[in-house]
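In what follows, a single structure is set out as structure tokens and then discussed.
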Amino acid sequence: MKVITIAKTGDEETVEPGFAELVQQISGKELRQCYHCLKCSAGCPINFAMDWAPNQIIRMVQLGLQERVLSSSTIWLCASCETCSTRCPNEVDLPTIMDTLKEMAIQNGIRSQQAGIQTFHRVFLNCLREYGRMHEVSLLALYKLLTLNPFEDMGLGIKMFRKGKLNLLPSRIENVHELETIFRTFGESKRSKI
Amino acid sequence: MKLSYFPGCSLDGTAKEYGSSTSAICQALGLELIEVPDWNCCGASSGHSTNYLLGQALAARNLILAEKQGLDMVVACAACFSRFKKTNIALKENAELRGKMEEIMGIPYKGSFQIRHLLDVIYNTVGLETIKKEVTNPLKDLRLVPYYGCVIVRPHELTQFDDEEQPQVIDNLIEAIGAESLPWSDKTECCGASLALTRVDIVKKLARGIVEMAKEAGAQAIATACPLCQANLDMRYGEDGLPVFYFTELLGLALGIEGKNWLERHITDPLPLLTSLNLVKGE
């Protein structure tokens, strides 16, 4: 970890020289060959809502700006739609790298402004662990409650229920104990802390 | 032809009409679907977003159960399909992951079967010629835009199916059942489904944009092959939206299957449009 001063602005910035190497090692994906043609950022459907464009995230990883990257909203907003990876002339697999960065952020206890999305993932996986399948009513209710937004989508939820799109009771798979073993085996990420 | 079938959670919940129309058309077209026994949620997208190995393991359990059936596997949901394709590669490349999963399940994994999206099976295995012969209720005068969304067709190295930027399969299916397929700009745009509950603002903007473009192209309705796309476009536009059909529903109607119980489940009611074109009988 090194603190550098940016000549133009005088701002101090923390740099982790080994960060790019670590991200490559964990994700198993190359990112050094990115030459910032911006195809990923031009095609990204969520770019308008991100704090940094996808290629800027890659650039910041290349530069070792670990804190900025792991606390960014971009990594959480990526929809894994694969537009970027499909169009990249250098075959950089951005969605997989974004997943790695999210996992690293969780491992290091970094909460981004998108904490609601982290909560959603936790609620989703807990539901899966409990039943083996997704139960939308439990997921919706618990998530909206935990994020203190219980009335968002309530109208839509009622419409969906009337149309028979929501099952009130969850169905549990038979061998849910196998999922419990999977969660115990893989649930705690084995990946290295920074 | 017998196939192992992975419906996925949506087809049992928010997308029940996709599930029931899939069963109906497969039966009509001579495909016998045998559900993967005791399948679990594939984990998309919370699994892979937060813990790589857990994400792979959740999908892997299904692949191991499916391979044991000794059949090729057909998947109806785009997200499950994409996950399984990725996990199949991970299981082959990562001996540790494979070993642990084989131990948990007590079943070895070779990955010696095909994983295919339903659209691929209908188009490439059943084929347009057979479908054309079976059509009894051509969807005449129905103007549709084909909507593929993201991960059914891309990245091509993974999906091995149709063109990733300018796919044609749904276009050609629409034409084969007598409807009109319109060219438009947004056929492979992403609807943002993975943020459907967490960032409603973003998803509304994306869904609205796609439906607006469909309207601009002159479409009366949208045809899709993904339960998440359908849900988003159907639910997030608000008033004056367009009906959003699963391709299986359209195929079902063209094959003369009574599909009221599918169509009644849509949030944007498609019955007025279909009744006005005499494609379903009015009340």
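We label chains A, B, ... in the order they appear in the structure tokens, count residues from 1 in each chain, and number ligands from 1 in the order shown.
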>> Residues near Arg208 in chain B, anyone? I mean within 8 Å using only C-alpha atoms, not counting same-chain ones fewer than 5 positions away, as a PyMOL selection string.
In response: chain B and resi 233+236-237
Go ahead and write the selection's residues with C-alpha atoms as a CSV table (one decimal), in the first residue's frame.
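Resulting contents of part16.csv:
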chain,number,residue,atom,x,y,z
B,233,LEU,CA,-41.3,-5.4,-19.8
B,236,ARG,CA,-42.5,-2.1,-15.4
B,237,TYR,CA,-43.9,0.1,-18.2
>> Using only C-alpha atoms, I'd like every residue of chain B that has an atom within 9 Å of chain A; please write them out as an MDAnalysis selection string.
In response: chainID B and resid 8:10 12:17 38:43 45:55 57:58 61 100:101 104:105 149:151 154:156 164:165 188:195 197:200 202 206 235 264:267
Can you write out the residues you just picked, keeping C-alpha atoms, as a PDB file, in the first residue's frame?
ATOM      1  CA  GLY B   8     -36.278 -23.049 -12.987  1.00  0.00           C
ATOM      2  CA  CYS B   9     -37.986 -21.127 -10.188  1.00  0.00           C
ATOM      3  CA  SER B  10     -39.667 -18.473 -12.349  1.00  0.00           C
ATOM      4  CA  ASP B  12     -43.149 -22.246 -11.133  1.00  0.00           C
ATOM      5  CA  GLY B  13     -43.970 -18.722  -9.913  1.00  0.00           C
ATOM      6  CA  THR B  14     -44.041 -15.398 -11.720  1.00  0.00           C
ATOM      7  CA  ALA B  15     -43.781 -17.070 -15.125  1.00  0.00           C
ATOM      8  CA  LYS B  16     -46.254 -19.945 -14.685  1.00  0.00           C
ATOM      9  CA  GLU B  17     -47.664 -19.217 -18.128  1.00  0.00           C
ATOM     10  CA  ASP B  38     -35.447 -32.525  -7.143  1.00  0.00           C
ATOM     11  CA  TRP B  39     -33.809 -29.597  -8.970  1.00  0.00           C
ATOM     12  CA  ASN B  40     -32.785 -26.514  -7.013  1.00  0.00           C
ATOM     13  CA  CYS B  41     -32.560 -22.805  -7.792  1.00  0.00           C
ATOM     14  CA  CYS B  42     -29.511 -22.200 -10.025  1.00  0.00           C
ATOM     15  CA  GLY B  43     -28.451 -19.318  -7.779  1.00  0.00           C
ATOM     16  CA  SER B  45     -27.602 -13.931  -9.867  1.00  0.00           C
ATOM     17  CA  SER B  46     -26.956 -13.694  -6.123  1.00  0.00           C
ATOM     18  CA  GLY B  47     -24.751 -16.802  -6.033  1.00  0.00           C
ATOM     19  CA  HIS B  48     -22.177 -15.834  -8.623  1.00  0.00           C
ATOM     20  CA  SER B  49     -22.354 -12.151  -7.636  1.00  0.00           C
ATOM     21  CA  THR B  50     -21.167 -12.718  -4.104  1.00  0.00           C
ATOM     22  CA  ASN B  51     -19.312 -16.030  -3.951  1.00  0.00           C
ATOM     23  CA  TYR B  52     -17.872 -17.594  -7.087  1.00  0.00           C
ATOM     24  CA  LEU B  53     -17.551 -21.149  -5.815  1.00  0.00           C
ATOM     25  CA  LEU B  54     -20.963 -21.182  -4.130  1.00  0.00           C
ATOM     26  CA  GLY B  55     -22.526 -19.885  -7.364  1.00  0.00           C
ATOM     27  CA  ALA B  57     -21.808 -25.328  -6.761  1.00  0.00           C
ATOM     28  CA  LEU B  58     -25.504 -24.388  -6.687  1.00  0.00           C
ATOM     29  CA  ARG B  61     -25.951 -29.870  -8.300  1.00  0.00           C
ATOM     30  CA  LYS B 100     -16.194 -31.771  -3.902  1.00  0.00           C
ATOM     31  CA  MET B 101     -19.499 -31.734  -5.775  1.00  0.00           C
ATOM     32  CA  ILE B 104     -21.541 -34.249  -1.890  1.00  0.00           C
ATOM     33  CA  MET B 105     -23.828 -35.776  -4.506  1.00  0.00           C
ATOM     34  CA  GLY B 149     -32.538  -9.822 -24.224  1.00  0.00           C
ATOM     35  CA  CYS B 150     -29.030 -10.624 -23.088  1.00  0.00           C
ATOM     36  CA  VAL B 151     -27.772 -14.071 -22.222  1.00  0.00           C
ATOM     37  CA  ARG B 154     -24.320 -14.056 -25.860  1.00  0.00           C
ATOM     38  CA  PRO B 155     -21.487 -14.511 -25.556  1.00  0.00           C
ATOM     39  CA  HIS B 156     -21.514 -16.820 -28.542  1.00  0.00           C
ATOM     40  CA  GLU B 164     -25.007 -12.473 -30.689  1.00  0.00           C
ATOM     41  CA  GLU B 165     -25.698  -9.009 -32.131  1.00  0.00           C
ATOM     42  CA  THR B 188     -30.580  -7.661 -27.704  1.00  0.00           C
ATOM     43  CA  GLU B 189     -30.743  -4.763 -25.236  1.00  0.00           C
ATOM     44  CA  CYS B 190     -30.671  -5.760 -21.569  1.00  0.00           C
ATOM     45  CA  CYS B 191     -33.806  -5.116 -19.483  1.00  0.00           C
ATOM     46  CA  GLY B 192     -31.773  -4.962 -16.246  1.00  0.00           C
ATOM     47  CA  ALA B 193     -33.568  -7.893 -14.645  1.00  0.00           C
ATOM     48  CA  SER B 194     -30.878  -8.558 -12.051  1.00  0.00           C
ATOM     49  CA  LEU B 195     -31.770  -5.178 -10.503  1.00  0.00           C
ATOM     50  CA  LEU B 197     -36.210  -5.506  -7.042  1.00  0.00           C
ATOM     51  CA  THR B 198     -33.228  -3.507  -5.876  1.00  0.00           C
ATOM     52  CA  ARG B 199     -33.064  -0.579  -8.283  1.00  0.00           C
ATOM     53  CA  VAL B 200     -36.584  -0.143  -9.551  1.00  0.00           C
ATOM     54  CA  ILE B 202     -33.004   1.812 -13.284  1.00  0.00           C
ATOM     55  CA  LEU B 206     -34.546   0.368 -19.234  1.00  0.00           C
ATOM     56  CA  MET B 235     -44.797  -5.044 -15.374  1.00  0.00           C
ATOM     57  CA  GLU B 264     -54.938 -14.321 -18.240  1.00  0.00           C
ATOM     58  CA  ARG B 265     -51.816 -14.179 -16.098  1.00  0.00           C
ATOM     59  CA  HIS B 266     -50.216 -11.267 -17.923  1.00  0.00           C
ATOM     60  CA  ILE B 267     -50.154  -7.885 -16.198  1.00  0.00           C
TER      61      ILE B 267
END
>> Could you tell me how far CA of Ile107 in chain B sits from CA of Gly70 in chain B, in Å to one decimal place?
In response: 12.8 Å
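Between CA of Gln33 in chain A and CA of Gly18 in chain A the separation is 16.4 Å.
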>> Using DSSP secondary structure from the backbone, list all alpha helix (DSSP H) positions within range 1-151 of chain B, as number ranges by chain.
In response: B: 16-28, 46-50, 52-68, 78-93, 95-105, 118-120, 128-134
> Can you list every residue in chain A that DSSP puts in strand (DSSP E or B), as a VMD selection string?
Replying inline: chain A and resid 2 to 5 12 to 15
Using only N, CA, C and O atoms, please write the residues we just selected to a file, as a compact mmCIF listing (two decimals), in the first residue's frame.
# COMPACT_ATOMS: atom_id res chain seq x y z
N LYS A 2 0.62 2.16 -0.93
CA LYS A 2 1.45 3.36 -1.08
C LYS A 2 0.54 4.56 -1.22
O LYS A 2 -0.50 4.48 -1.86
N VAL A 3 0.94 5.68 -0.60
CA VAL A 3 0.14 6.90 -0.79
C VAL A 3 0.86 7.78 -1.79
O VAL A 3 2.05 8.07 -1.65
N ILE A 4 0.18 8.18 -2.85
CA ILE A 4 0.80 9.06 -3.85
C ILE A 4 0.01 10.37 -3.90
O ILE A 4 -1.14 10.43 -3.50
N THR A 5 0.66 11.40 -4.38
CA THR A 5 -0.03 12.68 -4.54
C THR A 5 -0.22 12.93 -6.03
O THR A 5 0.71 12.79 -6.82
N GLU A 12 -4.42 13.29 -2.39
CA GLU A 12 -3.68 12.07 -2.05
C GLU A 12 -4.49 10.85 -2.43
O GLU A 12 -5.72 10.86 -2.32
N GLU A 13 -3.83 9.83 -2.87
CA GLU A 13 -4.53 8.63 -3.33
C GLU A 13 -3.76 7.41 -2.85
O GLU A 13 -2.53 7.38 -2.94
N THR A 14 -4.51 6.42 -2.33
CA THR A 14 -3.84 5.20 -1.89
C THR A 14 -3.75 4.23 -3.06
O THR A 14 -4.75 3.97 -3.72
N VAL A 15 -2.58 3.69 -3.26
CA VAL A 15 -2.37 2.78 -4.38
C VAL A 15 -1.86 1.44 -3.86
O VAL A 15 -1.00 1.41 -2.98
>> Which residues are near Leu63 in chain A? Cut-off 9 Å, only C-alpha atoms, ignore same chain within fewer than 6 positions. Put them as a ChimeraX atom specification.
In response: /A:15-17,19-20
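Among the candidates B:Ile34, B:Ala207, B:Leu29, B:Ala95, the one nearest to Pro108 in chain B when counting only C-alpha atoms is B:Ala95.
Reported to one decimal place, the separation of CA of Ala221 in chain B from CA of Lys132 in chain B is 21.3 Å.
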> Within 9 Å of range 252-262 of chain B, counting only C-alpha atoms, which residues qualify if same-chain residues fewer than 4 places away don't, as a PyMOL selection string?
Replying inline: chain B and resi 16-18+20-22+24-25+28+131+134-139+177-178+247-248+266+271+279-280
Residues from the last selection, N, CA and C atoms, saved as an mmCIF file, in the first residue's frame:
data_model
loop_
_atom_site.group_PDB
_atom_site.id
_atom_site.type_symbol
_atom_site.label_atom_id
_atom_site.label_comp_id
_atom_site.auth_asym_id
_atom_site.auth_seq_id
_atom_site.Cartn_x
_atom_site.Cartn_y
_atom_site.Cartn_z
ATOM 1 N N LYS B 16 -45.529 -18.662 -14.548
ATOM 2 C CA LYS B 16 -46.254 -19.945 -14.685
ATOM 3 C C LYS B 16 -46.749 -20.168 -16.104
ATOM 4 N N GLU B 17 -47.133 -19.073 -16.765
ATOM 5 C CA GLU B 17 -47.664 -19.217 -18.128
ATOM 6 C C GLU B 17 -46.578 -19.657 -19.109
ATOM 7 N N TYR B 18 -45.333 -19.320 -18.810
ATOM 8 C CA TYR B 18 -44.230 -19.798 -19.656
ATOM 9 C C TYR B 18 -44.093 -21.311 -19.450
ATOM 10 N N SER B 20 -46.458 -23.497 -18.377
ATOM 11 C CA SER B 20 -47.546 -24.313 -18.913
ATOM 12 C C SER B 20 -47.588 -24.272 -20.443
ATOM 13 N N SER B 21 -47.217 -23.127 -21.042
ATOM 14 C CA SER B 21 -47.212 -23.100 -22.512
ATOM 15 C C SER B 21 -46.057 -23.940 -23.066
ATOM 16 N N THR B 22 -44.946 -23.985 -22.332
ATOM 17 C CA THR B 22 -43.821 -24.833 -22.749
ATOM 18 C C THR B 22 -44.250 -26.310 -22.754
ATOM 19 N N ALA B 24 -47.206 -27.514 -23.001
ATOM 20 C CA ALA B 24 -48.223 -27.764 -24.030
ATOM 21 C C ALA B 24 -47.620 -27.869 -25.427
ATOM 22 N N ILE B 25 -46.733 -26.946 -25.777
ATOM 23 C CA ILE B 25 -46.206 -27.008 -27.156
ATOM 24 C C ILE B 25 -45.236 -28.173 -27.331
ATOM 25 N N ALA B 28 -47.238 -31.138 -28.002
ATOM 26 C CA ALA B 28 -47.806 -31.076 -29.362
ATOM 27 C C ALA B 28 -46.748 -31.344 -30.430
ATOM 28 N N ILE B 131 -42.957 -27.142 -37.765
ATOM 29 C CA ILE B 131 -43.854 -26.187 -37.111
ATOM 30 C C ILE B 131 -44.888 -25.654 -38.107
ATOM 31 N N GLU B 134 -47.717 -27.871 -38.671
ATOM 32 C CA GLU B 134 -48.628 -28.055 -37.544
ATOM 33 C C GLU B 134 -49.511 -26.834 -37.273
ATOM 34 N N VAL B 135 -49.201 -25.714 -37.914
ATOM 35 C CA VAL B 135 -49.959 -24.489 -37.633
ATOM 36 C C VAL B 135 -51.393 -24.616 -38.154
ATOM 37 N N THR B 136 -52.360 -24.430 -37.243
ATOM 38 C CA THR B 136 -53.760 -24.484 -37.659
ATOM 39 C C THR B 136 -54.430 -23.120 -37.496
ATOM 40 N N ASN B 137 -53.779 -22.244 -36.727
ATOM 41 C CA ASN B 137 -54.367 -20.929 -36.446
ATOM 42 C C ASN B 137 -53.295 -19.864 -36.682
ATOM 43 N N PRO B 138 -52.961 -19.611 -37.964
ATOM 44 C CA PRO B 138 -51.874 -18.658 -38.227
ATOM 45 C C PRO B 138 -52.182 -17.287 -37.607
ATOM 46 N N LEU B 139 -51.155 -16.684 -37.008
ATOM 47 C CA LEU B 139 -51.371 -15.432 -36.267
ATOM 48 C C LEU B 139 -51.338 -14.243 -37.237
ATOM 49 N N ILE B 177 -45.154 -18.820 -37.973
ATOM 50 C CA ILE B 177 -46.505 -19.033 -37.449
ATOM 51 C C ILE B 177 -47.481 -17.975 -37.963
ATOM 52 N N GLY B 178 -47.080 -17.306 -39.027
ATOM 53 C CA GLY B 178 -48.019 -16.442 -39.749
ATOM 54 C C GLY B 178 -48.094 -15.012 -39.277
ATOM 55 N N PHE B 247 -42.557 -16.802 -26.495
ATOM 56 C CA PHE B 247 -42.669 -17.382 -27.839
ATOM 57 C C PHE B 247 -43.472 -18.686 -27.792
ATOM 58 N N THR B 248 -43.443 -19.339 -26.628
ATOM 59 C CA THR B 248 -44.191 -20.597 -26.488
ATOM 60 C C THR B 248 -45.698 -20.353 -26.509
ATOM 61 N N HIS B 266 -51.048 -12.436 -17.599
ATOM 62 C CA HIS B 266 -50.216 -11.267 -17.923
ATOM 63 C C HIS B 266 -50.712 -10.025 -17.189
ATOM 64 N N LEU B 271 -55.418 -9.991 -24.186
ATOM 65 C CA LEU B 271 -56.637 -10.534 -24.798
ATOM 66 C C LEU B 271 -57.357 -9.542 -25.726
ATOM 67 N N LEU B 279 -57.779 -13.909 -33.106
ATOM 68 C CA LEU B 279 -56.808 -14.987 -32.873
ATOM 69 C C LEU B 279 -57.200 -15.826 -31.668
ATOM 70 N N VAL B 280 -58.011 -15.260 -30.769
ATOM 71 C CA VAL B 280 -58.671 -16.065 -29.739
ATOM 72 C C VAL B 280 -60.142 -15.678 -29.767
#
